[in-house]
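Asker: Structure file model.txt (compact mmCIF, N, CA and C atoms) right here:
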# COMPACT_ATOMS: atom_id res chain seq x y z
N MET A 154 26.67 67.22 49.11
CA MET A 154 25.61 66.28 48.94
C MET A 154 25.20 66.29 47.47
N GLU A 155 24.91 65.09 46.98
CA GLU A 155 24.55 64.98 45.57
C GLU A 155 23.47 63.93 45.42
N GLU A 156 22.51 64.16 44.59
CA GLU A 156 21.45 63.18 44.33
C GLU A 156 21.79 62.42 43.05
N THR A 157 21.48 61.13 43.05
CA THR A 157 21.67 60.32 41.84
C THR A 157 20.36 59.63 41.50
N VAL A 158 20.23 59.27 40.25
CA VAL A 158 19.02 58.61 39.79
C VAL A 158 19.38 57.18 39.43
N SER A 159 18.60 56.27 39.86
CA SER A 159 18.80 54.85 39.53
C SER A 159 17.53 54.34 38.87
N ILE A 160 17.71 53.72 37.70
CA ILE A 160 16.56 53.19 36.95
C ILE A 160 16.71 51.69 36.87
N SER A 161 15.63 50.97 37.13
CA SER A 161 15.66 49.51 37.03
C SER A 161 14.37 49.04 36.36
N ALA A 162 14.42 47.84 35.81
CA ALA A 162 13.24 47.28 35.14
C ALA A 162 12.74 46.11 35.96
N GLN A 163 11.46 45.95 35.99
CA GLN A 163 10.84 44.87 36.74
C GLN A 163 9.79 44.23 35.84
N LYS A 164 9.77 42.89 35.81
CA LYS A 164 8.78 42.19 34.99
C LYS A 164 7.45 42.17 35.72
N VAL A 165 6.41 42.58 34.99
CA VAL A 165 5.07 42.58 35.56
C VAL A 165 4.17 41.86 34.56
N GLU A 166 3.47 40.86 35.03
CA GLU A 166 2.58 40.11 34.14
C GLU A 166 1.37 40.97 33.83
N SER A 167 1.14 41.18 32.53
CA SER A 167 0.01 42.03 32.14
C SER A 167 -1.09 41.23 31.46
N GLY A 168 -0.84 39.95 31.25
CA GLY A 168 -1.83 39.10 30.60
C GLY A 168 -1.15 37.85 30.06
N SER A 169 -1.89 37.02 29.39
CA SER A 169 -1.32 35.81 28.80
C SER A 169 -2.01 35.55 27.46
N VAL A 170 -1.44 34.61 26.73
CA VAL A 170 -1.98 34.26 25.42
C VAL A 170 -2.22 32.76 25.41
N ARG A 171 -3.37 32.35 24.94
CA ARG A 171 -3.70 30.93 24.81
C ARG A 171 -3.75 30.61 23.32
N VAL A 172 -2.97 29.62 22.87
CA VAL A 172 -2.92 29.22 21.47
C VAL A 172 -3.45 27.80 21.36
N SER A 173 -4.41 27.60 20.48
CA SER A 173 -4.93 26.25 20.23
C SER A 173 -4.90 26.01 18.73
N THR A 174 -4.80 24.75 18.35
CA THR A 174 -4.77 24.41 16.93
C THR A 174 -5.95 23.50 16.61
N ARG A 175 -6.36 23.53 15.36
CA ARG A 175 -7.44 22.68 14.88
C ARG A 175 -6.97 22.07 13.56
N THR A 176 -7.18 20.78 13.39
CA THR A 176 -6.75 20.09 12.18
C THR A 176 -7.96 19.87 11.28
N GLU A 177 -7.83 20.27 10.02
CA GLU A 177 -8.88 20.07 9.03
C GLU A 177 -8.47 18.97 8.08
N MET A 178 -9.41 18.21 7.58
CA MET A 178 -9.16 17.20 6.56
C MET A 178 -9.66 17.78 5.24
N ILE A 179 -8.78 17.83 4.24
CA ILE A 179 -9.12 18.41 2.94
C ILE A 179 -8.96 17.33 1.89
N ASP A 180 -10.01 17.07 1.11
CA ASP A 180 -9.96 16.08 0.04
C ASP A 180 -9.54 16.77 -1.25
N HIS A 181 -8.62 16.15 -1.97
CA HIS A 181 -8.12 16.66 -3.24
C HIS A 181 -8.29 15.58 -4.30
N LEU A 182 -8.47 15.98 -5.54
CA LEU A 182 -8.37 15.07 -6.67
C LEU A 182 -7.00 15.31 -7.29
N VAL A 183 -6.14 14.31 -7.20
CA VAL A 183 -4.78 14.43 -7.69
C VAL A 183 -4.69 13.74 -9.05
N PRO A 184 -4.30 14.44 -10.10
CA PRO A 184 -4.18 13.79 -11.42
C PRO A 184 -2.97 12.87 -11.45
N VAL A 185 -3.18 11.66 -11.94
CA VAL A 185 -2.12 10.66 -12.02
C VAL A 185 -2.19 10.01 -13.39
N ASP A 186 -1.03 9.82 -14.03
CA ASP A 186 -0.98 9.12 -15.31
C ASP A 186 -0.62 7.67 -15.05
N LEU A 187 -1.49 6.75 -15.45
CA LEU A 187 -1.24 5.33 -15.30
C LEU A 187 -0.86 4.76 -16.65
N THR A 188 0.20 3.95 -16.70
CA THR A 188 0.65 3.36 -17.95
C THR A 188 0.53 1.85 -17.85
N SER A 189 -0.05 1.25 -18.87
CA SER A 189 -0.13 -0.20 -18.93
C SER A 189 0.48 -0.65 -20.25
N VAL A 190 1.00 -1.86 -20.27
CA VAL A 190 1.61 -2.40 -21.47
C VAL A 190 0.83 -3.65 -21.87
N GLU A 191 0.35 -3.64 -23.11
CA GLU A 191 -0.38 -4.78 -23.65
C GLU A 191 0.57 -5.51 -24.59
N VAL A 192 0.54 -6.83 -24.58
CA VAL A 192 1.40 -7.63 -25.45
C VAL A 192 0.54 -8.24 -26.54
N GLN A 193 0.93 -8.00 -27.78
CA GLN A 193 0.23 -8.55 -28.94
C GLN A 193 1.15 -9.61 -29.54
N VAL A 194 0.65 -10.82 -29.73
CA VAL A 194 1.44 -11.92 -30.28
C VAL A 194 0.88 -12.28 -31.65
N ASP A 195 1.73 -12.22 -32.67
CA ASP A 195 1.35 -12.60 -34.03
C ASP A 195 2.22 -13.79 -34.45
N ARG A 196 1.60 -14.81 -34.97
CA ARG A 196 2.35 -15.96 -35.51
C ARG A 196 2.47 -15.76 -37.01
N VAL A 197 3.71 -15.65 -37.49
CA VAL A 197 3.97 -15.37 -38.90
C VAL A 197 4.57 -16.63 -39.54
N PRO A 198 3.83 -17.32 -40.43
CA PRO A 198 4.37 -18.51 -41.09
C PRO A 198 5.52 -18.12 -42.03
N VAL A 199 6.63 -18.90 -42.00
CA VAL A 199 7.79 -18.60 -42.84
C VAL A 199 8.07 -19.77 -43.79
N ASP A 200 8.23 -20.97 -43.26
CA ASP A 200 8.49 -22.20 -44.02
C ASP A 200 9.65 -22.00 -45.01
N ARG A 201 10.82 -21.62 -44.47
CA ARG A 201 12.01 -21.38 -45.27
C ARG A 201 13.16 -22.22 -44.73
N LYS A 202 13.96 -22.81 -45.62
CA LYS A 202 15.10 -23.63 -45.22
C LYS A 202 16.20 -22.72 -44.67
N VAL A 203 16.77 -23.13 -43.53
CA VAL A 203 17.87 -22.39 -42.92
C VAL A 203 18.97 -23.37 -42.57
N ASP A 204 20.22 -22.90 -42.47
CA ASP A 204 21.35 -23.75 -42.14
C ASP A 204 21.52 -23.90 -40.62
N ALA A 205 21.12 -22.91 -39.85
CA ALA A 205 21.23 -22.95 -38.39
C ALA A 205 20.03 -22.21 -37.81
N ALA A 206 19.74 -22.50 -36.56
CA ALA A 206 18.60 -21.84 -35.90
C ALA A 206 18.91 -20.36 -35.73
N PRO A 207 18.03 -19.48 -36.23
CA PRO A 207 18.25 -18.03 -36.10
C PRO A 207 18.19 -17.59 -34.63
N GLU A 208 18.86 -16.50 -34.35
CA GLU A 208 18.86 -15.92 -33.00
C GLU A 208 17.57 -15.14 -32.77
N ILE A 209 17.24 -14.93 -31.53
CA ILE A 209 16.11 -14.06 -31.18
C ILE A 209 16.53 -12.63 -31.48
N VAL A 210 15.67 -11.89 -32.18
CA VAL A 210 16.01 -10.53 -32.63
C VAL A 210 14.95 -9.56 -32.12
N THR A 211 15.39 -8.36 -31.72
CA THR A 211 14.45 -7.30 -31.34
C THR A 211 14.61 -6.16 -32.33
N GLU A 212 13.52 -5.80 -32.98
CA GLU A 212 13.50 -4.69 -33.93
C GLU A 212 12.50 -3.65 -33.44
N GLY A 213 13.00 -2.56 -32.89
CA GLY A 213 12.12 -1.53 -32.31
C GLY A 213 11.38 -2.10 -31.12
N ASP A 214 10.05 -2.13 -31.22
CA ASP A 214 9.25 -2.67 -30.11
C ASP A 214 8.76 -4.09 -30.40
N VAL A 215 9.35 -4.76 -31.41
CA VAL A 215 8.95 -6.12 -31.78
C VAL A 215 10.11 -7.07 -31.50
N THR A 216 9.85 -8.14 -30.77
CA THR A 216 10.82 -9.19 -30.55
C THR A 216 10.43 -10.38 -31.41
N ILE A 217 11.36 -10.86 -32.22
CA ILE A 217 11.09 -11.98 -33.13
C ILE A 217 11.76 -13.23 -32.57
N ILE A 218 10.95 -14.25 -32.27
CA ILE A 218 11.43 -15.51 -31.72
C ILE A 218 11.26 -16.58 -32.80
N PRO A 219 12.37 -17.11 -33.33
CA PRO A 219 12.25 -18.11 -34.38
C PRO A 219 11.85 -19.47 -33.81
N VAL A 220 11.00 -20.20 -34.56
CA VAL A 220 10.59 -21.56 -34.20
C VAL A 220 11.03 -22.46 -35.37
N VAL A 221 11.88 -23.46 -35.08
CA VAL A 221 12.41 -24.32 -36.15
C VAL A 221 11.95 -25.75 -35.94
N GLU A 222 12.02 -26.52 -37.00
CA GLU A 222 11.74 -27.94 -36.92
C GLU A 222 12.68 -28.67 -37.87
N GLU A 223 12.94 -29.90 -37.55
CA GLU A 223 13.73 -30.72 -38.46
C GLU A 223 12.77 -31.52 -39.32
N ARG A 224 13.12 -31.59 -40.59
CA ARG A 224 12.32 -32.39 -41.51
C ARG A 224 13.23 -33.47 -42.10
N ILE A 225 12.70 -34.63 -42.17
CA ILE A 225 13.50 -35.71 -42.73
C ILE A 225 13.23 -35.79 -44.22
N VAL A 226 14.25 -35.47 -44.96
CA VAL A 226 14.25 -35.61 -46.41
C VAL A 226 15.60 -36.30 -46.64
N VAL A 227 15.75 -37.19 -47.39
CA VAL A 227 16.97 -37.99 -47.52
C VAL A 227 18.07 -37.44 -46.60
N THR A 228 18.25 -36.19 -46.52
CA THR A 228 19.15 -35.59 -45.54
C THR A 228 18.30 -34.67 -44.66
N ARG A 229 18.87 -34.32 -43.54
CA ARG A 229 18.13 -33.39 -42.67
C ARG A 229 18.41 -31.97 -43.09
N GLU A 230 17.34 -31.21 -43.19
CA GLU A 230 17.45 -29.78 -43.51
C GLU A 230 16.67 -29.01 -42.44
N LEU A 231 17.19 -27.88 -42.10
CA LEU A 231 16.55 -27.04 -41.08
C LEU A 231 15.71 -25.98 -41.78
N TYR A 232 14.43 -25.93 -41.44
CA TYR A 232 13.51 -24.95 -42.01
C TYR A 232 13.04 -24.01 -40.91
N LEU A 233 13.02 -22.75 -41.24
CA LEU A 233 12.42 -21.77 -40.33
C LEU A 233 10.92 -21.87 -40.53
N ARG A 234 10.26 -22.46 -39.57
CA ARG A 234 8.84 -22.75 -39.70
C ARG A 234 7.97 -21.51 -39.52
N GLU A 235 8.26 -20.73 -38.51
CA GLU A 235 7.51 -19.51 -38.26
C GLU A 235 8.31 -18.61 -37.34
N GLU A 236 7.90 -17.37 -37.25
CA GLU A 236 8.47 -16.41 -36.30
C GLU A 236 7.32 -15.93 -35.42
N ILE A 237 7.62 -15.74 -34.19
CA ILE A 237 6.62 -15.19 -33.27
C ILE A 237 7.03 -13.74 -33.02
N HIS A 238 6.20 -12.82 -33.40
CA HIS A 238 6.47 -11.40 -33.22
C HIS A 238 5.72 -10.93 -31.96
N VAL A 239 6.46 -10.46 -30.98
CA VAL A 239 5.88 -9.96 -29.73
C VAL A 239 6.07 -8.46 -29.72
N ARG A 240 4.99 -7.72 -29.72
CA ARG A 240 5.03 -6.26 -29.77
C ARG A 240 4.52 -5.70 -28.45
N ARG A 241 5.23 -4.72 -27.91
CA ARG A 241 4.82 -4.05 -26.69
C ARG A 241 4.08 -2.77 -27.07
N ILE A 242 2.89 -2.60 -26.55
CA ILE A 242 2.09 -1.41 -26.85
C ILE A 242 1.80 -0.71 -25.52
N ALA A 243 2.40 0.45 -25.33
CA ALA A 243 2.22 1.20 -24.08
C ALA A 243 1.00 2.11 -24.21
N GLN A 244 0.18 2.13 -23.18
CA GLN A 244 -1.00 2.98 -23.16
C GLN A 244 -0.96 3.82 -21.91
N THR A 245 -1.23 5.11 -22.03
CA THR A 245 -1.27 6.00 -20.89
C THR A 245 -2.70 6.46 -20.67
N GLN A 246 -3.14 6.36 -19.44
CA GLN A 246 -4.51 6.72 -19.10
C GLN A 246 -4.47 7.79 -18.03
N HIS A 247 -5.21 8.87 -18.21
CA HIS A 247 -5.26 9.96 -17.23
C HIS A 247 -6.42 9.70 -16.27
N VAL A 248 -6.11 9.59 -14.99
CA VAL A 248 -7.15 9.36 -13.99
C VAL A 248 -6.97 10.36 -12.85
N ASP A 249 -8.02 10.61 -12.10
CA ASP A 249 -7.96 11.44 -10.91
C ASP A 249 -8.04 10.52 -9.70
N VAL A 250 -7.07 10.65 -8.80
CA VAL A 250 -6.99 9.82 -7.61
C VAL A 250 -7.36 10.69 -6.41
N LYS A 251 -8.25 10.19 -5.55
CA LYS A 251 -8.67 10.95 -4.38
C LYS A 251 -7.59 10.84 -3.31
N ALA A 252 -7.14 11.99 -2.80
CA ALA A 252 -6.13 12.03 -1.75
C ALA A 252 -6.60 12.99 -0.67
N THR A 253 -6.29 12.69 0.58
CA THR A 253 -6.70 13.52 1.70
C THR A 253 -5.46 14.13 2.34
N THR A 254 -5.47 15.45 2.54
CA THR A 254 -4.38 16.12 3.23
C THR A 254 -4.92 16.76 4.50
N ARG A 255 -4.02 17.11 5.39
CA ARG A 255 -4.44 17.75 6.65
C ARG A 255 -3.81 19.13 6.73
N ARG A 256 -4.52 20.05 7.34
CA ARG A 256 -4.01 21.40 7.53
C ARG A 256 -4.44 21.85 8.91
N GLN A 257 -3.54 22.50 9.64
CA GLN A 257 -3.87 23.02 10.96
C GLN A 257 -4.01 24.53 10.89
N THR A 258 -4.94 25.04 11.67
CA THR A 258 -5.07 26.48 11.81
C THR A 258 -4.93 26.80 13.29
N ALA A 259 -4.38 27.96 13.61
CA ALA A 259 -4.15 28.37 14.99
C ALA A 259 -5.16 29.44 15.38
N HIS A 260 -5.70 29.31 16.55
CA HIS A 260 -6.62 30.29 17.10
C HIS A 260 -5.97 30.87 18.35
N ILE A 261 -5.87 32.18 18.44
CA ILE A 261 -5.17 32.83 19.55
C ILE A 261 -6.18 33.67 20.32
N ASP A 262 -6.26 33.42 21.63
CA ASP A 262 -7.12 34.19 22.52
C ASP A 262 -6.24 34.92 23.52
N ARG A 263 -6.41 36.21 23.63
CA ARG A 263 -5.66 36.99 24.63
C ARG A 263 -6.47 37.00 25.93
N VAL A 264 -5.79 36.71 27.02
CA VAL A 264 -6.44 36.66 28.33
C VAL A 264 -5.88 37.82 29.16
N PRO A 265 -6.73 38.74 29.64
CA PRO A 265 -6.24 39.86 30.44
C PRO A 265 -5.63 39.38 31.76
N ALA A 266 -4.78 40.22 32.36
CA ALA A 266 -4.04 39.86 33.57
C ALA A 266 -4.94 39.50 34.73
N ASP A 267 -6.07 40.15 34.90
CA ASP A 267 -6.92 39.90 36.06
C ASP A 267 -7.61 38.54 36.00
N SER A 268 -7.72 37.91 34.82
CA SER A 268 -8.38 36.61 34.73
C SER A 268 -7.36 35.47 34.65
N THR A 269 -6.06 35.76 34.80
CA THR A 269 -5.05 34.70 34.71
C THR A 269 -5.02 33.84 35.95
N SER A 270 -5.64 34.26 37.01
CA SER A 270 -5.65 33.45 38.23
C SER A 270 -6.52 32.22 38.08
N GLU A 271 -7.46 32.25 37.13
CA GLU A 271 -8.32 31.09 36.88
C GLU A 271 -7.61 30.18 35.90
N LYS A 272 -7.09 29.05 36.35
CA LYS A 272 -6.38 28.10 35.50
C LYS A 272 -7.34 27.00 35.08
N ASP A 273 -7.17 26.50 33.86
CA ASP A 273 -7.92 25.33 33.43
C ASP A 273 -6.91 24.25 33.06
N ASP A 274 -7.38 23.19 32.43
CA ASP A 274 -6.52 22.04 32.14
C ASP A 274 -5.57 22.30 30.98
N GLN A 275 -5.68 23.41 30.25
CA GLN A 275 -4.84 23.68 29.09
C GLN A 275 -3.61 24.45 29.54
N ASP A 276 -2.49 24.24 28.83
CA ASP A 276 -1.27 24.95 29.12
C ASP A 276 -1.35 26.35 28.53
N ASP A 277 -1.01 27.34 29.29
CA ASP A 277 -0.98 28.72 28.81
C ASP A 277 0.45 29.13 28.58
N LEU A 278 0.67 30.05 27.64
CA LEU A 278 2.01 30.58 27.39
C LEU A 278 2.23 31.82 28.22
Will you turn the file into structure tokens for me?

Answerer:
Amino acid sequence: MEETVSISAQKVESGSVRVSTRTEMIDHLVPVDLTSVEVQVDRVPVDRKVDAAPEIVTEGDVTIIPVVEERIVVTRELYLREEIHVRRIAQTQHVDVKATTRRQTAHIDRVPADSTSEKDDQDDL
């Protein structure tokens, strides 16, 4: 005759955990750089004779648009009457923009085994 030992495991509920979340609204001031472009137009008188109409030229941030006219003098001659200089001026402005973010926090309540028989409308883990 011989004795043997047998060991087994059995699941026993010892309690439960209830987890709930709460969402908070947090306001932030977010720095944003806004850029605007202003156009400055200058009319530059030239009044110079030319053989053909000049092309539109861009020099750096200035675009030069030639304006010509025909003048009747015994023969026709082309004069560069004026140039229109269009300059782009970029401006950067620092502003604070209000933005709202959300954050959740978790609250954990441990429920002992003897009170698990009382169920409510919330799901328990």

Asker: Please return as an MDAnalysis selection string every residue within 8 Å of (-6.0, 9.2, -12.2), taking into account only C-alpha atoms and the file's own coordinates.

Answerer: chainID A and resid 183:187 246:250

Asker: Within 12 Å of Arg196 of chain A, counting only C-alpha atoms, which residues show up once you throw out same-chain ones fewer than 3 positions away? Write them as a PyMOL selection string, please.

Answerer: chain A and resi 193+199+216-220+234-240

Asker: Provide an axis-aligned box for all listed atoms of segment 195-211 of chain A, padding each side by 4 Å; report its centre and its edge lengths in Å to one decimal, as lines of an AutoDock Vina configuration file.

Answerer:
center_x = 11.4
center_y = -15.0
center_z = -38.4
size_x = 28.2
size_y = 25.7
size_z = 22.4

Asker: Using all atoms listed in the file, pick whichever of A:Glu223, A:Glu177, A:Glu191, A:Glu230 has the shortest atom-to-atom distance to Arg256 of chain A.

Answerer: A:Glu177

Asker: Kindly give the distance, in Å, that separates atom N of Thr228 of chain A and atom N of Glu208 of chain A, rounded to a single decimal.

Answerer: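 Atom N of Glu208 of chain A lies at a distance of 23.2 Å from atom N of Thr228 of chain A.
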
Asker: Near segment 231-233 of chain A, within 7 Å and counting only N, CA and C atoms, which residues show up once chain neighbours fewer than 4 positions away are dropped, as number ranges by chain?

Answerer: A: 198-205, 219-224

Asker: How many Å lie between atom CA of Lys164 of chain A and atom CA of Asp267 of chain A, rounded to one decimal?

Answerer: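 Here the two named atoms are 15.9 Å from each other.
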
Asker: Please return segment 230-241 of chain A, rebuilt to all heavy atoms, as a short mmCIF file (atom, residue, chain, number, x, y, z; two decimals), in the coordinates of the input.

Answerer:
data_model
loop_
_atom_site.label_atom_id
_atom_site.label_comp_id
_atom_site.auth_asym_id
_atom_site.auth_seq_id
_atom_site.Cartn_x
_atom_site.Cartn_y
_atom_site.Cartn_z
N GLU A 230 17.34 -31.21 -43.19
CA GLU A 230 17.45 -29.78 -43.51
C GLU A 230 16.67 -29.01 -42.44
O GLU A 230 15.64 -29.45 -41.97
CB GLU A 230 16.86 -29.50 -44.90
CG GLU A 230 17.58 -30.18 -46.02
CD GLU A 230 16.90 -29.96 -47.36
OE1 GLU A 230 15.70 -29.59 -47.38
OE2 GLU A 230 17.56 -30.15 -48.38
N LEU A 231 17.19 -27.88 -42.10
CA LEU A 231 16.55 -27.04 -41.08
C LEU A 231 15.71 -25.98 -41.78
O LEU A 231 16.19 -25.25 -42.65
CB LEU A 231 17.63 -26.38 -40.21
CG LEU A 231 17.18 -25.75 -38.92
CD1 LEU A 231 16.50 -26.77 -38.01
CD2 LEU A 231 18.37 -25.13 -38.20
N TYR A 232 14.43 -25.93 -41.44
CA TYR A 232 13.51 -24.95 -42.01
C TYR A 232 13.04 -24.01 -40.91
O TYR A 232 12.72 -24.45 -39.80
CB TYR A 232 12.28 -25.63 -42.63
CG TYR A 232 12.54 -26.22 -44.00
CD1 TYR A 232 13.18 -27.44 -44.14
CD2 TYR A 232 12.13 -25.54 -45.13
CE1 TYR A 232 13.43 -27.97 -45.39
CE2 TYR A 232 12.37 -26.06 -46.39
CZ TYR A 232 13.02 -27.28 -46.52
OH TYR A 232 13.26 -27.79 -47.75
N LEU A 233 13.02 -22.75 -41.24
CA LEU A 233 12.42 -21.77 -40.33
C LEU A 233 10.92 -21.87 -40.53
O LEU A 233 10.38 -21.48 -41.55
CB LEU A 233 12.92 -20.36 -40.63
CG LEU A 233 12.35 -19.25 -39.77
CD1 LEU A 233 12.66 -19.49 -38.29
CD2 LEU A 233 12.87 -17.90 -40.21
N ARG A 234 10.26 -22.46 -39.57
CA ARG A 234 8.84 -22.75 -39.70
C ARG A 234 7.97 -21.51 -39.52
O ARG A 234 7.04 -21.27 -40.28
CB ARG A 234 8.48 -23.82 -38.67
CG ARG A 234 7.10 -24.36 -38.83
CD ARG A 234 6.90 -25.56 -37.96
NE ARG A 234 5.54 -25.46 -37.46
CZ ARG A 234 5.12 -25.99 -36.35
NH1 ARG A 234 5.94 -26.66 -35.60
NH2 ARG A 234 3.87 -25.87 -36.00
N GLU A 235 8.26 -20.73 -38.51
CA GLU A 235 7.51 -19.51 -38.26
C GLU A 235 8.31 -18.61 -37.34
O GLU A 235 9.29 -19.03 -36.73
CB GLU A 235 6.13 -19.81 -37.64
CG GLU A 235 6.18 -20.31 -36.23
CD GLU A 235 4.80 -20.52 -35.61
OE1 GLU A 235 3.85 -19.81 -35.98
OE2 GLU A 235 4.69 -21.40 -34.75
N GLU A 236 7.90 -17.37 -37.25
CA GLU A 236 8.47 -16.41 -36.30
C GLU A 236 7.32 -15.93 -35.42
O GLU A 236 6.20 -15.76 -35.90
CB GLU A 236 9.08 -15.21 -37.02
CG GLU A 236 10.29 -15.53 -37.85
CD GLU A 236 10.79 -14.33 -38.63
OE1 GLU A 236 10.01 -13.38 -38.87
OE2 GLU A 236 11.96 -14.35 -39.00
N ILE A 237 7.62 -15.74 -34.19
CA ILE A 237 6.62 -15.19 -33.27
C ILE A 237 7.03 -13.74 -33.02
O ILE A 237 8.12 -13.48 -32.51
CB ILE A 237 6.54 -15.98 -31.96
CG1 ILE A 237 6.10 -17.41 -32.27
CG2 ILE A 237 5.62 -15.30 -30.97
CD1 ILE A 237 6.11 -18.33 -31.08
N HIS A 238 6.20 -12.82 -33.40
CA HIS A 238 6.47 -11.40 -33.22
C HIS A 238 5.72 -10.93 -31.96
O HIS A 238 4.50 -11.02 -31.90
CB HIS A 238 5.99 -10.58 -34.42
CG HIS A 238 6.76 -10.88 -35.67
ND1 HIS A 238 6.90 -9.97 -36.67
CD2 HIS A 238 7.43 -11.98 -36.08
CE1 HIS A 238 7.63 -10.48 -37.64
NE2 HIS A 238 7.95 -11.72 -37.32
N VAL A 239 6.46 -10.46 -30.98
CA VAL A 239 5.88 -9.96 -29.73
C VAL A 239 6.07 -8.46 -29.72
O VAL A 239 7.19 -7.97 -29.75
CB VAL A 239 6.55 -10.61 -28.50
CG1 VAL A 239 5.96 -10.06 -27.21
CG2 VAL A 239 6.41 -12.13 -28.55
N ARG A 240 4.99 -7.72 -29.72
CA ARG A 240 5.03 -6.26 -29.77
C ARG A 240 4.52 -5.70 -28.45
O ARG A 240 3.50 -6.14 -27.93
CB ARG A 240 4.16 -5.77 -30.93
CG ARG A 240 4.09 -4.27 -31.06
CD ARG A 240 3.35 -3.81 -32.31
NE ARG A 240 4.16 -4.10 -33.49
CZ ARG A 240 3.86 -5.03 -34.40
NH1 ARG A 240 2.78 -5.76 -34.29
NH2 ARG A 240 4.64 -5.22 -35.44
N ARG A 241 5.23 -4.72 -27.91
CA ARG A 241 4.82 -4.05 -26.69
C ARG A 241 4.08 -2.77 -27.07
O ARG A 241 4.62 -1.95 -27.81
CB ARG A 241 6.01 -3.72 -25.82
CG ARG A 241 6.65 -4.94 -25.20
CD ARG A 241 8.02 -4.57 -24.64
NE ARG A 241 8.93 -5.69 -24.58
CZ ARG A 241 9.53 -6.25 -25.61
NH1 ARG A 241 9.33 -5.81 -26.82
NH2 ARG A 241 10.35 -7.27 -25.45
#
